[in-house]
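**Q** My structure file coords.txt, compact mmCIF, N, CA and C atoms and all ligand atoms, is below:
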# COMPACT_ATOMS: atom_id res chain seq x y z
N MET G 1 -45.76 -6.77 33.20
CA MET G 1 -46.34 -6.67 31.85
C MET G 1 -45.44 -7.38 30.84
N PRO G 2 -45.99 -8.28 30.07
CA PRO G 2 -45.15 -8.97 29.07
C PRO G 2 -44.65 -8.01 27.99
N GLY G 3 -43.46 -8.24 27.53
CA GLY G 3 -42.86 -7.36 26.53
C GLY G 3 -43.61 -7.42 25.21
N ARG G 4 -43.60 -6.31 24.51
CA ARG G 4 -44.28 -6.29 23.22
C ARG G 4 -43.41 -6.98 22.16
N ARG G 5 -44.03 -7.56 21.23
CA ARG G 5 -43.27 -8.23 20.16
C ARG G 5 -43.67 -7.69 18.81
N THR G 6 -42.70 -7.36 18.03
CA THR G 6 -43.00 -6.92 16.68
C THR G 6 -43.29 -8.15 15.83
N VAL G 7 -44.35 -8.08 15.10
CA VAL G 7 -44.70 -9.24 14.29
C VAL G 7 -44.10 -9.12 12.89
N LEU G 8 -43.18 -10.01 12.58
CA LEU G 8 -42.50 -9.94 11.28
C LEU G 8 -42.69 -11.23 10.50
N ARG G 9 -43.66 -12.01 10.96
CA ARG G 9 -43.83 -13.31 10.33
C ARG G 9 -44.00 -13.21 8.82
N GLY G 10 -43.46 -14.12 8.12
CA GLY G 10 -43.68 -14.15 6.67
C GLY G 10 -42.66 -13.34 5.89
N ALA G 11 -42.66 -12.04 6.05
CA ALA G 11 -41.83 -11.18 5.21
C ALA G 11 -40.35 -11.52 5.29
N ALA G 12 -39.86 -11.89 6.47
CA ALA G 12 -38.44 -12.13 6.65
C ALA G 12 -37.99 -13.47 6.10
N LEU G 13 -38.93 -14.27 5.68
CA LEU G 13 -38.56 -15.62 5.27
C LEU G 13 -38.44 -15.80 3.75
N THR G 14 -38.55 -14.73 3.04
CA THR G 14 -38.40 -14.81 1.58
C THR G 14 -37.06 -15.46 1.25
N PRO G 15 -37.05 -16.45 0.40
CA PRO G 15 -35.76 -17.13 0.14
C PRO G 15 -34.76 -16.25 -0.60
N ILE G 16 -33.70 -15.89 0.07
CA ILE G 16 -32.63 -15.11 -0.56
C ILE G 16 -31.27 -15.78 -0.36
N ALA G 17 -31.27 -17.03 0.04
CA ALA G 17 -29.99 -17.74 0.22
C ALA G 17 -29.28 -17.69 -1.12
N GLY G 18 -28.11 -18.03 -1.28
CA GLY G 18 -27.52 -18.00 -2.62
C GLY G 18 -26.91 -16.66 -2.97
N ILE G 19 -27.60 -15.58 -2.68
CA ILE G 19 -27.04 -14.27 -2.97
C ILE G 19 -25.82 -14.03 -2.08
N ALA G 20 -25.95 -14.38 -0.81
CA ALA G 20 -24.89 -14.11 0.15
C ALA G 20 -23.62 -14.89 -0.18
N LEU G 21 -23.75 -16.02 -0.80
CA LEU G 21 -22.57 -16.87 -1.03
C LEU G 21 -21.55 -16.23 -1.96
N THR G 22 -22.00 -15.49 -2.93
CA THR G 22 -21.06 -14.94 -3.88
C THR G 22 -20.47 -13.61 -3.40
N ALA G 23 -21.04 -13.03 -2.37
CA ALA G 23 -20.64 -11.68 -1.98
C ALA G 23 -19.42 -11.63 -1.09
N CYS G 24 -18.97 -12.76 -0.53
CA CYS G 24 -17.92 -12.66 0.47
C CYS G 24 -16.64 -13.36 0.05
N ALA G 25 -16.37 -13.39 -1.22
CA ALA G 25 -15.18 -14.11 -1.70
C ALA G 25 -13.88 -13.48 -1.25
N GLY G 26 -13.87 -12.21 -0.95
CA GLY G 26 -12.61 -11.54 -0.65
C GLY G 26 -12.05 -11.78 0.74
N SER G 27 -12.80 -12.35 1.63
CA SER G 27 -12.36 -12.36 3.02
C SER G 27 -11.84 -13.71 3.47
N GLY G 28 -10.75 -14.13 2.91
CA GLY G 28 -10.10 -15.31 3.45
C GLY G 28 -10.19 -16.52 2.55
N GLY G 29 -11.35 -17.12 2.41
CA GLY G 29 -11.41 -18.38 1.71
C GLY G 29 -11.45 -18.27 0.20
N GLY G 30 -11.64 -17.11 -0.35
CA GLY G 30 -11.92 -17.02 -1.76
C GLY G 30 -10.74 -16.71 -2.64
N GLY G 31 -9.69 -17.43 -2.60
CA GLY G 31 -8.58 -17.20 -3.52
C GLY G 31 -7.39 -16.58 -2.82
N THR G 32 -6.28 -16.58 -3.53
CA THR G 32 -5.04 -16.10 -2.96
C THR G 32 -4.99 -14.58 -3.00
N PRO G 33 -4.64 -13.93 -1.90
CA PRO G 33 -4.51 -12.48 -1.94
C PRO G 33 -3.31 -12.09 -2.80
N ALA G 34 -3.39 -10.93 -3.40
CA ALA G 34 -2.33 -10.54 -4.32
C ALA G 34 -1.92 -9.10 -4.10
N LYS G 35 -0.65 -8.84 -4.39
CA LYS G 35 -0.17 -7.46 -4.34
C LYS G 35 -0.60 -6.76 -5.63
N PRO G 36 -0.58 -5.42 -5.64
CA PRO G 36 -0.99 -4.71 -6.86
C PRO G 36 -0.04 -5.02 -8.02
N THR G 37 -0.61 -5.21 -9.20
CA THR G 37 0.22 -5.44 -10.37
C THR G 37 0.20 -4.24 -11.31
N ALA G 38 -0.54 -3.23 -10.95
CA ALA G 38 -0.58 -1.98 -11.70
C ALA G 38 -0.68 -0.86 -10.68
N PRO G 39 -0.30 0.36 -11.05
CA PRO G 39 -0.39 1.45 -10.09
C PRO G 39 -1.81 1.61 -9.54
N VAL G 40 -1.91 1.74 -8.22
CA VAL G 40 -3.21 1.88 -7.57
C VAL G 40 -3.22 3.15 -6.74
N GLU G 41 -4.32 3.87 -6.82
CA GLU G 41 -4.47 5.05 -5.97
C GLU G 41 -5.09 4.60 -4.64
N LEU G 42 -4.39 4.93 -3.55
CA LEU G 42 -4.84 4.41 -2.26
C LEU G 42 -5.69 5.39 -1.48
N GLY G 43 -5.36 6.66 -1.53
CA GLY G 43 -6.13 7.61 -0.75
C GLY G 43 -5.32 8.87 -0.53
N ALA G 44 -5.80 9.71 0.36
CA ALA G 44 -5.16 11.00 0.57
C ALA G 44 -3.82 10.84 1.28
N GLU G 45 -2.86 11.56 0.78
CA GLU G 45 -1.52 11.52 1.37
C GLU G 45 -1.56 11.98 2.82
N SER G 46 -2.46 12.88 3.11
CA SER G 46 -2.53 13.45 4.46
C SER G 46 -2.98 12.43 5.51
N GLU G 47 -3.44 11.26 5.07
CA GLU G 47 -3.88 10.25 6.03
C GLU G 47 -2.73 9.63 6.81
N ILE G 48 -1.51 9.82 6.31
CA ILE G 48 -0.37 9.18 6.97
C ILE G 48 0.54 10.24 7.58
N ALA G 49 0.57 10.27 8.89
CA ALA G 49 1.37 11.26 9.60
C ALA G 49 2.85 10.84 9.59
N LYS G 50 3.71 11.79 9.87
CA LYS G 50 5.13 11.46 10.01
C LYS G 50 5.30 10.42 11.11
N GLY G 51 6.07 9.40 10.81
CA GLY G 51 6.28 8.35 11.81
C GLY G 51 5.11 7.38 11.89
N GLY G 52 4.10 7.56 11.04
CA GLY G 52 2.92 6.71 11.09
C GLY G 52 2.85 5.75 9.91
N ALA G 53 1.82 4.93 9.89
CA ALA G 53 1.63 3.96 8.81
C ALA G 53 0.16 3.68 8.67
N LYS G 54 -0.21 3.22 7.48
CA LYS G 54 -1.61 2.86 7.24
C LYS G 54 -1.65 1.59 6.42
N LEU G 55 -2.54 0.70 6.83
CA LEU G 55 -2.71 -0.56 6.11
C LEU G 55 -3.93 -0.46 5.22
N TYR G 56 -3.75 -0.69 3.93
CA TYR G 56 -4.85 -0.70 2.96
C TYR G 56 -5.18 -2.16 2.68
N ARG G 57 -6.14 -2.68 3.43
CA ARG G 57 -6.40 -4.12 3.36
C ARG G 57 -6.88 -4.57 1.98
N GLU G 58 -7.73 -3.78 1.37
CA GLU G 58 -8.28 -4.21 0.07
C GLU G 58 -7.21 -4.34 -0.98
N GLN G 59 -6.21 -3.46 -0.90
CA GLN G 59 -5.16 -3.47 -1.92
C GLN G 59 -3.96 -4.30 -1.49
N ASN G 60 -3.96 -4.79 -0.24
CA ASN G 60 -2.84 -5.55 0.30
C ASN G 60 -1.54 -4.75 0.27
N VAL G 61 -1.62 -3.54 0.78
CA VAL G 61 -0.47 -2.64 0.79
C VAL G 61 -0.42 -1.93 2.14
N VAL G 62 0.80 -1.74 2.65
CA VAL G 62 0.98 -0.88 3.81
C VAL G 62 1.90 0.27 3.40
N VAL G 63 1.53 1.47 3.81
CA VAL G 63 2.35 2.64 3.49
C VAL G 63 2.76 3.30 4.81
N SER G 64 4.04 3.66 4.91
CA SER G 64 4.52 4.33 6.12
C SER G 64 5.23 5.60 5.72
N ARG G 65 5.31 6.51 6.68
CA ARG G 65 5.98 7.78 6.42
C ARG G 65 7.07 7.97 7.49
N ALA G 66 8.27 8.22 7.02
CA ALA G 66 9.38 8.44 7.94
C ALA G 66 9.27 9.83 8.56
N GLU G 67 10.08 10.06 9.57
CA GLU G 67 10.06 11.37 10.24
C GLU G 67 10.45 12.49 9.28
N ASN G 68 11.23 12.17 8.25
CA ASN G 68 11.61 13.21 7.28
C ASN G 68 10.55 13.42 6.21
N GLY G 69 9.42 12.72 6.32
CA GLY G 69 8.31 12.93 5.40
C GLY G 69 8.28 11.96 4.23
N SER G 70 9.34 11.19 4.02
CA SER G 70 9.35 10.29 2.85
C SER G 70 8.43 9.09 3.08
N LEU G 71 7.86 8.61 1.98
CA LEU G 71 6.92 7.49 2.04
C LEU G 71 7.60 6.19 1.64
N LYS G 72 7.13 5.09 2.24
CA LYS G 72 7.55 3.76 1.81
C LYS G 72 6.32 2.90 1.73
N ALA G 73 6.33 1.97 0.78
CA ALA G 73 5.18 1.06 0.66
C ALA G 73 5.68 -0.37 0.55
N PHE G 74 4.92 -1.26 1.14
CA PHE G 74 5.24 -2.69 1.08
C PHE G 74 3.98 -3.47 0.77
N SER G 75 4.16 -4.60 0.10
CA SER G 75 3.06 -5.54 -0.04
C SER G 75 2.75 -6.08 1.35
N SER G 76 1.48 -6.19 1.69
CA SER G 76 1.14 -6.73 3.01
C SER G 76 0.72 -8.20 2.91
N ILE G 77 1.23 -8.85 1.87
CA ILE G 77 1.07 -10.31 1.78
C ILE G 77 2.22 -10.93 2.57
N CYS G 78 1.88 -11.73 3.55
CA CYS G 78 2.90 -12.32 4.42
C CYS G 78 3.85 -13.19 3.61
N THR G 79 5.14 -13.04 3.89
CA THR G 79 6.15 -13.80 3.14
C THR G 79 6.29 -15.22 3.66
N HIS G 80 5.57 -15.56 4.71
CA HIS G 80 5.67 -16.92 5.23
C HIS G 80 4.88 -17.89 4.35
N ALA G 81 3.57 -17.71 4.28
CA ALA G 81 2.76 -18.62 3.46
C ALA G 81 1.71 -17.89 2.65
N GLY G 82 1.85 -16.56 2.55
CA GLY G 82 1.01 -15.84 1.60
C GLY G 82 -0.33 -15.36 2.12
N CYS G 83 -0.53 -15.32 3.43
CA CYS G 83 -1.79 -14.77 3.94
C CYS G 83 -1.78 -13.25 3.81
N ALA G 84 -2.96 -12.68 3.77
CA ALA G 84 -3.08 -11.23 3.76
C ALA G 84 -3.01 -10.73 5.21
N ILE G 85 -2.05 -9.88 5.48
CA ILE G 85 -1.92 -9.33 6.83
C ILE G 85 -3.08 -8.36 7.06
N ASN G 86 -3.72 -8.48 8.20
CA ASN G 86 -4.94 -7.69 8.40
C ASN G 86 -4.89 -6.80 9.63
N LYS G 87 -3.71 -6.71 10.26
CA LYS G 87 -3.67 -5.92 11.50
C LYS G 87 -2.41 -5.06 11.54
N LEU G 88 -2.62 -3.80 11.84
CA LEU G 88 -1.50 -2.87 12.03
C LEU G 88 -1.71 -2.16 13.35
N GLN G 89 -0.72 -2.33 14.24
CA GLN G 89 -0.80 -1.64 15.53
C GLN G 89 0.45 -0.82 15.67
N GLY G 90 0.31 0.50 15.71
CA GLY G 90 1.50 1.35 15.69
C GLY G 90 2.21 1.12 14.38
N ALA G 91 3.43 0.61 14.43
CA ALA G 91 4.15 0.31 13.19
C ALA G 91 4.35 -1.19 13.03
N THR G 92 3.60 -1.99 13.77
CA THR G 92 3.77 -3.44 13.71
C THR G 92 2.61 -4.10 12.99
N LEU G 93 2.95 -4.84 11.95
CA LEU G 93 1.95 -5.60 11.20
C LEU G 93 1.92 -7.03 11.73
N SER G 94 0.73 -7.57 11.93
CA SER G 94 0.62 -8.94 12.43
C SER G 94 -0.15 -9.79 11.44
N CYS G 95 0.40 -10.96 11.16
CA CYS G 95 -0.27 -11.89 10.24
C CYS G 95 -1.22 -12.78 11.03
N PRO G 96 -2.46 -12.93 10.54
CA PRO G 96 -3.45 -13.71 11.28
C PRO G 96 -3.20 -15.22 11.20
N CYS G 97 -2.39 -15.65 10.26
CA CYS G 97 -2.29 -17.10 10.03
C CYS G 97 -1.39 -17.81 11.05
N HIS G 98 -0.15 -17.34 11.19
CA HIS G 98 0.76 -18.04 12.12
C HIS G 98 1.50 -17.06 13.02
N GLY G 99 1.07 -15.81 13.04
CA GLY G 99 1.59 -14.87 14.03
C GLY G 99 2.87 -14.13 13.66
N SER G 100 3.30 -14.19 12.42
CA SER G 100 4.48 -13.41 12.04
C SER G 100 4.20 -11.93 12.22
N GLU G 101 5.25 -11.17 12.54
CA GLU G 101 5.10 -9.72 12.66
C GLU G 101 6.18 -9.02 11.84
N PHE G 102 5.80 -7.88 11.29
CA PHE G 102 6.70 -7.12 10.42
C PHE G 102 6.68 -5.66 10.83
N ASP G 103 7.79 -4.97 10.55
CA ASP G 103 7.88 -3.54 10.80
C ASP G 103 7.36 -2.80 9.56
N ALA G 104 6.31 -2.01 9.74
CA ALA G 104 5.70 -1.31 8.61
C ALA G 104 6.61 -0.24 8.03
N ALA G 105 7.60 0.19 8.78
CA ALA G 105 8.50 1.24 8.29
C ALA G 105 9.63 0.69 7.44
N THR G 106 9.98 -0.58 7.66
CA THR G 106 11.12 -1.15 6.95
C THR G 106 10.77 -2.44 6.21
N GLY G 107 9.66 -3.06 6.54
CA GLY G 107 9.28 -4.34 5.96
C GLY G 107 9.96 -5.52 6.63
N LYS G 108 10.83 -5.25 7.60
CA LYS G 108 11.61 -6.33 8.22
C LYS G 108 10.75 -7.22 9.13
N VAL G 109 11.19 -8.46 9.24
CA VAL G 109 10.52 -9.41 10.12
C VAL G 109 10.84 -9.08 11.57
N LEU G 110 9.80 -9.01 12.39
CA LEU G 110 10.00 -8.79 13.83
C LEU G 110 9.75 -10.06 14.61
N GLN G 111 8.95 -10.93 14.00
CA GLN G 111 8.55 -12.16 14.71
C GLN G 111 8.41 -13.29 13.71
N ALA G 112 9.08 -14.44 13.98
CA ALA G 112 8.94 -15.62 13.12
C ALA G 112 7.51 -16.14 13.23
N PRO G 113 7.07 -17.06 12.36
CA PRO G 113 7.87 -17.91 11.49
C PRO G 113 8.38 -17.27 10.19
N ALA G 114 7.88 -16.12 9.77
CA ALA G 114 8.41 -15.52 8.54
C ALA G 114 9.89 -15.20 8.73
N THR G 115 10.64 -15.30 7.65
CA THR G 115 12.07 -14.96 7.72
C THR G 115 12.44 -13.92 6.66
N VAL G 116 11.57 -13.75 5.67
CA VAL G 116 11.86 -12.86 4.55
C VAL G 116 11.08 -11.56 4.73
N PRO G 117 11.74 -10.41 4.56
CA PRO G 117 11.02 -9.13 4.70
C PRO G 117 9.90 -8.97 3.69
N LEU G 118 8.98 -8.08 3.97
CA LEU G 118 7.89 -7.78 3.03
C LEU G 118 8.47 -7.18 1.76
N GLU G 119 7.79 -7.42 0.66
CA GLU G 119 8.26 -6.89 -0.62
C GLU G 119 7.98 -5.39 -0.72
N GLU G 120 9.02 -4.63 -1.02
CA GLU G 120 8.84 -3.18 -1.14
C GLU G 120 8.22 -2.84 -2.50
N LEU G 121 7.31 -1.88 -2.51
CA LEU G 121 6.65 -1.43 -3.73
C LEU G 121 7.03 0.02 -3.96
N SER G 122 6.98 0.45 -5.20
CA SER G 122 7.25 1.87 -5.43
C SER G 122 6.01 2.67 -5.05
N VAL G 123 6.25 3.85 -4.54
CA VAL G 123 5.16 4.70 -4.05
C VAL G 123 5.48 6.15 -4.39
N GLU G 124 4.44 6.90 -4.70
CA GLU G 124 4.63 8.34 -4.88
C GLU G 124 3.35 9.06 -4.48
N ALA G 125 3.52 10.33 -4.16
CA ALA G 125 2.37 11.16 -3.85
C ALA G 125 2.16 12.08 -5.04
N LYS G 126 0.96 12.01 -5.61
CA LYS G 126 0.65 12.82 -6.79
C LYS G 126 -0.65 13.56 -6.53
N GLY G 127 -0.59 14.87 -6.58
CA GLY G 127 -1.80 15.66 -6.36
C GLY G 127 -2.47 15.35 -5.03
N GLY G 128 -1.66 15.05 -4.01
CA GLY G 128 -2.22 14.80 -2.68
C GLY G 128 -2.71 13.38 -2.49
N LYS G 129 -2.55 12.53 -3.51
CA LYS G 129 -2.97 11.14 -3.40
C LYS G 129 -1.75 10.23 -3.39
N ILE G 130 -1.91 9.10 -2.71
CA ILE G 130 -0.84 8.12 -2.70
C ILE G 130 -1.06 7.10 -3.80
N ILE G 131 -0.04 6.93 -4.62
CA ILE G 131 -0.11 5.94 -5.71
C ILE G 131 0.97 4.90 -5.44
N VAL G 132 0.57 3.63 -5.51
CA VAL G 132 1.50 2.56 -5.21
C VAL G 132 1.44 1.52 -6.32
N GLY G 133 2.58 0.88 -6.56
CA GLY G 133 2.55 -0.25 -7.48
C GLY G 133 3.63 -0.14 -8.52
N PRO G 134 3.76 -1.14 -9.36
CA PRO G 134 4.78 -1.13 -10.38
C PRO G 134 4.65 0.11 -11.26
N GLY G 135 5.72 0.80 -11.41
CA GLY G 135 5.70 1.97 -12.30
C GLY G 135 5.12 3.21 -11.65
N ALA G 136 4.74 3.16 -10.37
CA ALA G 136 4.17 4.35 -9.71
C ALA G 136 5.24 5.41 -9.51
S1 LIG D 201 1.33 -16.84 6.47
FE1 LIG D 201 1.79 -15.22 7.80
S2 LIG D 201 2.64 -16.19 9.52
FE2 LIG D 201 2.26 -17.81 8.16
Show me, as structure tokens, the structure contained in the file I just sent.
**A**
Amino acid sequence: MPGRRTVLRGAALTPIAGIALTACAGSGGGGTPAKPTAPVELGAESEIAKGGAKLYREQNVVVSRAENGSLKAFSSICTHAGCAINKLQGATLSCPCHGSEFDAATGKVLQAPATVPLEELSVEAKGGKIIVGPGA
């Protein structure tokens, strides 16, 4: 028996090109990624376990928590050529552009070509939320 086919002719062809073009500026080609320039609220403090880390891609920030409970935050803009780091595995951040790796707990370079550690940002937990950025 031949398979049934849903007939969608016509309706799906309405011209909507153009709308999609402006919606995806944030993912790679649309400008230089930037670290926060004002305090930003990232999310619940409880999201980061002791010894763990979380990458906030939209804000270009990684936050880690030491075993003693203290928080550290770094800009996740790669110090090699300025790409936004988009991968965190365990405590290792990997840059998609040329493969540099950084330690999310210290910001230090683990793998070249980057040679400069990630920029540390001030971080605090306020009312159960993590706030990062200048003056936080
Ligand atoms: S920009 Fe990250 S490795 Fe080159």
**Q** If you run DSSP on the backbone here, which positions in segment 34-97 of chain G get strand (DSSP E)? Please write them as JSON, numbers by chain.
**A** {"G": [40, 41, 42, 43, 44, 53, 54, 55, 56, 61, 62, 63, 64, 65, 71, 72, 73, 74, 75, 87, 88, 89, 92, 93, 94]}
**Q** Give me the segment 38-66 of chain G side of the contact with segment 118-127 of chain G, cut-off 12 Å, one line per residue showing its nearest atom pair and distance in Å at one decimal, counting only C-alpha atoms, sorted by chain and residue number, as CSV.
**A**
residue,atom,partner,partner_atom,distance
G:Ala38,CA,G:Ser122,CA,10.7
G:Pro39,CA,G:Val123,CA,8.8
G:Val40,CA,G:Val123,CA,9.5
G:Glu41,CA,G:Lys126,CA,9.3
G:Leu42,CA,G:Ala125,CA,10.0
G:Gly43,CA,G:Ala125,CA,9.7
G:Ala44,CA,G:Ala125,CA,8.7
G:Glu45,CA,G:Ala125,CA,6.5
G:Ser46,CA,G:Ala125,CA,9.9
G:Glu47,CA,G:Ala125,CA,11.7
G:Ile48,CA,G:Ala125,CA,11.3
G:Asn60,CA,G:Leu121,CA,11.1
G:Val61,CA,G:Leu121,CA,8.5
G:Val62,CA,G:Leu121,CA,9.5
G:Val63,CA,G:Val123,CA,8.3
G:Ser64,CA,G:Val123,CA,10.2
G:Arg65,CA,G:Val123,CA,10.9
**Q** I'd like the interatomic distance between atom CA of Gly99 of chain G and atom CA of Pro117 of chain G, to a tenth of an Å.
**A**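 About the pair atom CA of Gly99 of chain G and atom CA of Pro117 of chain G: they are 14.5 Å apart.
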**Q** Around ligand LIG 201 (chain D), out to 9 Å and counting only C-alpha atoms and all ligand atoms, which residues are there? I want them as number ranges by chain.
**A** G: 77-85, 94-101, 111-114
**Q** Calculated over only C-alpha atoms, which of the candidates G:Ala49, G:Val109, G:Ile130, G:Leu93 has the smallest distance to Ala73 of chain G?
**A**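 Closest residue, counting only C-alpha atoms: G:Ile130.
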**Q** One decimal, in Å: what's the spacing between atom N of Gln89 of chain G and atom CA of Leu55 of chain G?
**A** 8.6 Å
**Q** What's the separation between atom C of Glu58 of chain G and atom C of Thr32 of chain G, in Å to one decimal place?
**A**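 Between atom C of Glu58 of chain G and atom C of Thr32 of chain G the gap is 10.7 Å.
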**Q** Any chance you could export segment 59-129 of chain G with C-alpha atoms, as a PDB file, in the first residue's frame?
**A**
ATOM      1  CA  GLN G  59      26.423  36.615  28.418  1.00  0.00           C
ATOM      2  CA  ASN G  60      29.869  35.258  27.461  1.00  0.00           C
ATOM      3  CA  VAL G  61      30.670  34.359  31.044  1.00  0.00           C
ATOM      4  CA  VAL G  62      31.773  31.195  32.802  1.00  0.00           C
ATOM      5  CA  VAL G  63      31.258  30.807  36.541  1.00  0.00           C
ATOM      6  CA  SER G  64      32.929  28.126  38.651  1.00  0.00           C
ATOM      7  CA  ARG G  65      32.668  27.168  42.285  1.00  0.00           C
ATOM      8  CA  ALA G  66      35.623  25.950  44.304  1.00  0.00           C
ATOM      9  CA  GLU G  67      35.362  23.104  46.787  1.00  0.00           C
ATOM     10  CA  ASN G  68      35.193  25.688  49.586  1.00  0.00           C
ATOM     11  CA  GLY G  69      32.068  27.176  47.989  1.00  0.00           C
ATOM     12  CA  SER G  70      33.613  30.395  46.653  1.00  0.00           C
ATOM     13  CA  LEU G  71      32.634  31.573  43.177  1.00  0.00           C
ATOM     14  CA  LYS G  72      34.845  32.769  40.342  1.00  0.00           C
ATOM     15  CA  ALA G  73      33.796  34.250  37.032  1.00  0.00           C
ATOM     16  CA  PHE G  74      35.668  34.767  33.803  1.00  0.00           C
ATOM     17  CA  SER G  75      34.863  36.280  30.452  1.00  0.00           C
ATOM     18  CA  SER G  76      34.437  33.404  28.013  1.00  0.00           C
ATOM     19  CA  ILE G  77      35.744  35.445  25.112  1.00  0.00           C
ATOM     20  CA  CYS G  78      38.831  33.610  23.897  1.00  0.00           C
ATOM     21  CA  THR G  79      42.021  35.584  24.451  1.00  0.00           C
ATOM     22  CA  HIS G  80      43.513  34.277  21.221  1.00  0.00           C
ATOM     23  CA  ALA G  81      41.409  36.046  18.596  1.00  0.00           C
ATOM     24  CA  GLY G  82      38.203  36.952  20.386  1.00  0.00           C
ATOM     25  CA  CYS G  83      35.823  34.108  19.548  1.00  0.00           C
ATOM     26  CA  ALA G  84      33.043  33.271  21.959  1.00  0.00           C
ATOM     27  CA  ILE G  85      33.848  29.995  23.683  1.00  0.00           C
ATOM     28  CA  ASN G  86      30.843  27.726  23.339  1.00  0.00           C
ATOM     29  CA  LYS G  87      31.814  24.465  25.002  1.00  0.00           C
ATOM     30  CA  LEU G  88      32.384  23.473  28.603  1.00  0.00           C
ATOM     31  CA  GLN G  89      33.198  19.885  29.468  1.00  0.00           C
ATOM     32  CA  GLY G  90      33.836  19.274  33.135  1.00  0.00           C
ATOM     33  CA  ALA G  91      36.036  22.248  33.948  1.00  0.00           C
ATOM     34  CA  THR G  92      37.552  22.615  30.486  1.00  0.00           C
ATOM     35  CA  LEU G  93      36.429  25.341  28.120  1.00  0.00           C
ATOM     36  CA  SER G  94      37.096  24.813  24.416  1.00  0.00           C
ATOM     37  CA  CYS G  95      37.207  27.526  21.793  1.00  0.00           C
ATOM     38  CA  PRO G  96      35.536  26.593  18.497  1.00  0.00           C
ATOM     39  CA  CYS G  97      37.823  28.760  16.373  1.00  0.00           C
ATOM     40  CA  HIS G  98      41.338  27.332  16.767  1.00  0.00           C
ATOM     41  CA  GLY G  99      41.018  24.824  19.592  1.00  0.00           C
ATOM     42  CA  SER G 100      42.388  26.724  22.584  1.00  0.00           C
ATOM     43  CA  GLU G 101      41.353  25.305  25.947  1.00  0.00           C
ATOM     44  CA  PHE G 102      41.031  27.025  29.303  1.00  0.00           C
ATOM     45  CA  ASP G 103      40.484  25.927  32.892  1.00  0.00           C
ATOM     46  CA  ALA G 104      37.095  27.237  34.040  1.00  0.00           C
ATOM     47  CA  ALA G 105      38.252  27.258  37.663  1.00  0.00           C
ATOM     48  CA  THR G 106      41.317  29.442  37.132  1.00  0.00           C
ATOM     49  CA  GLY G 107      40.985  30.945  33.644  1.00  0.00           C
ATOM     50  CA  LYS G 108      44.399  29.531  32.757  1.00  0.00           C
ATOM     51  CA  VAL G 109      45.304  28.323  29.290  1.00  0.00           C
ATOM     52  CA  LEU G 110      45.391  24.537  28.996  1.00  0.00           C
ATOM     53  CA  GLN G 111      45.899  24.334  25.266  1.00  0.00           C
ATOM     54  CA  ALA G 112      47.473  26.748  22.747  1.00  0.00           C
ATOM     55  CA  PRO G 113      47.252  28.750  20.508  1.00  0.00           C
ATOM     56  CA  ALA G 114      45.956  31.077  23.269  1.00  0.00           C
ATOM     57  CA  THR G 115      48.661  32.158  25.696  1.00  0.00           C
ATOM     58  CA  VAL G 116      46.808  34.675  27.878  1.00  0.00           C
ATOM     59  CA  PRO G 117      44.406  33.527  30.619  1.00  0.00           C
ATOM     60  CA  LEU G 118      40.725  34.442  30.469  1.00  0.00           C
ATOM     61  CA  GLU G 119      39.818  37.779  31.980  1.00  0.00           C
ATOM     62  CA  GLU G 120      38.494  37.444  35.514  1.00  0.00           C
ATOM     63  CA  LEU G 121      35.233  39.262  36.320  1.00  0.00           C
ATOM     64  CA  SER G 122      33.848  40.162  39.693  1.00  0.00           C
ATOM     65  CA  VAL G 123      31.055  37.906  40.860  1.00  0.00           C
ATOM     66  CA  GLU G 124      28.735  37.760  43.824  1.00  0.00           C
ATOM     67  CA  ALA G 125      25.723  35.813  44.959  1.00  0.00           C
ATOM     68  CA  LYS G 126      22.835  38.041  45.967  1.00  0.00           C
ATOM     69  CA  GLY G 127      19.511  36.644  47.106  1.00  0.00           C
ATOM     70  CA  GLY G 128      20.363  33.259  45.596  1.00  0.00           C
ATOM     71  CA  LYS G 129      21.244  34.753  42.206  1.00  0.00           C
TER      72      LYS G 129
END
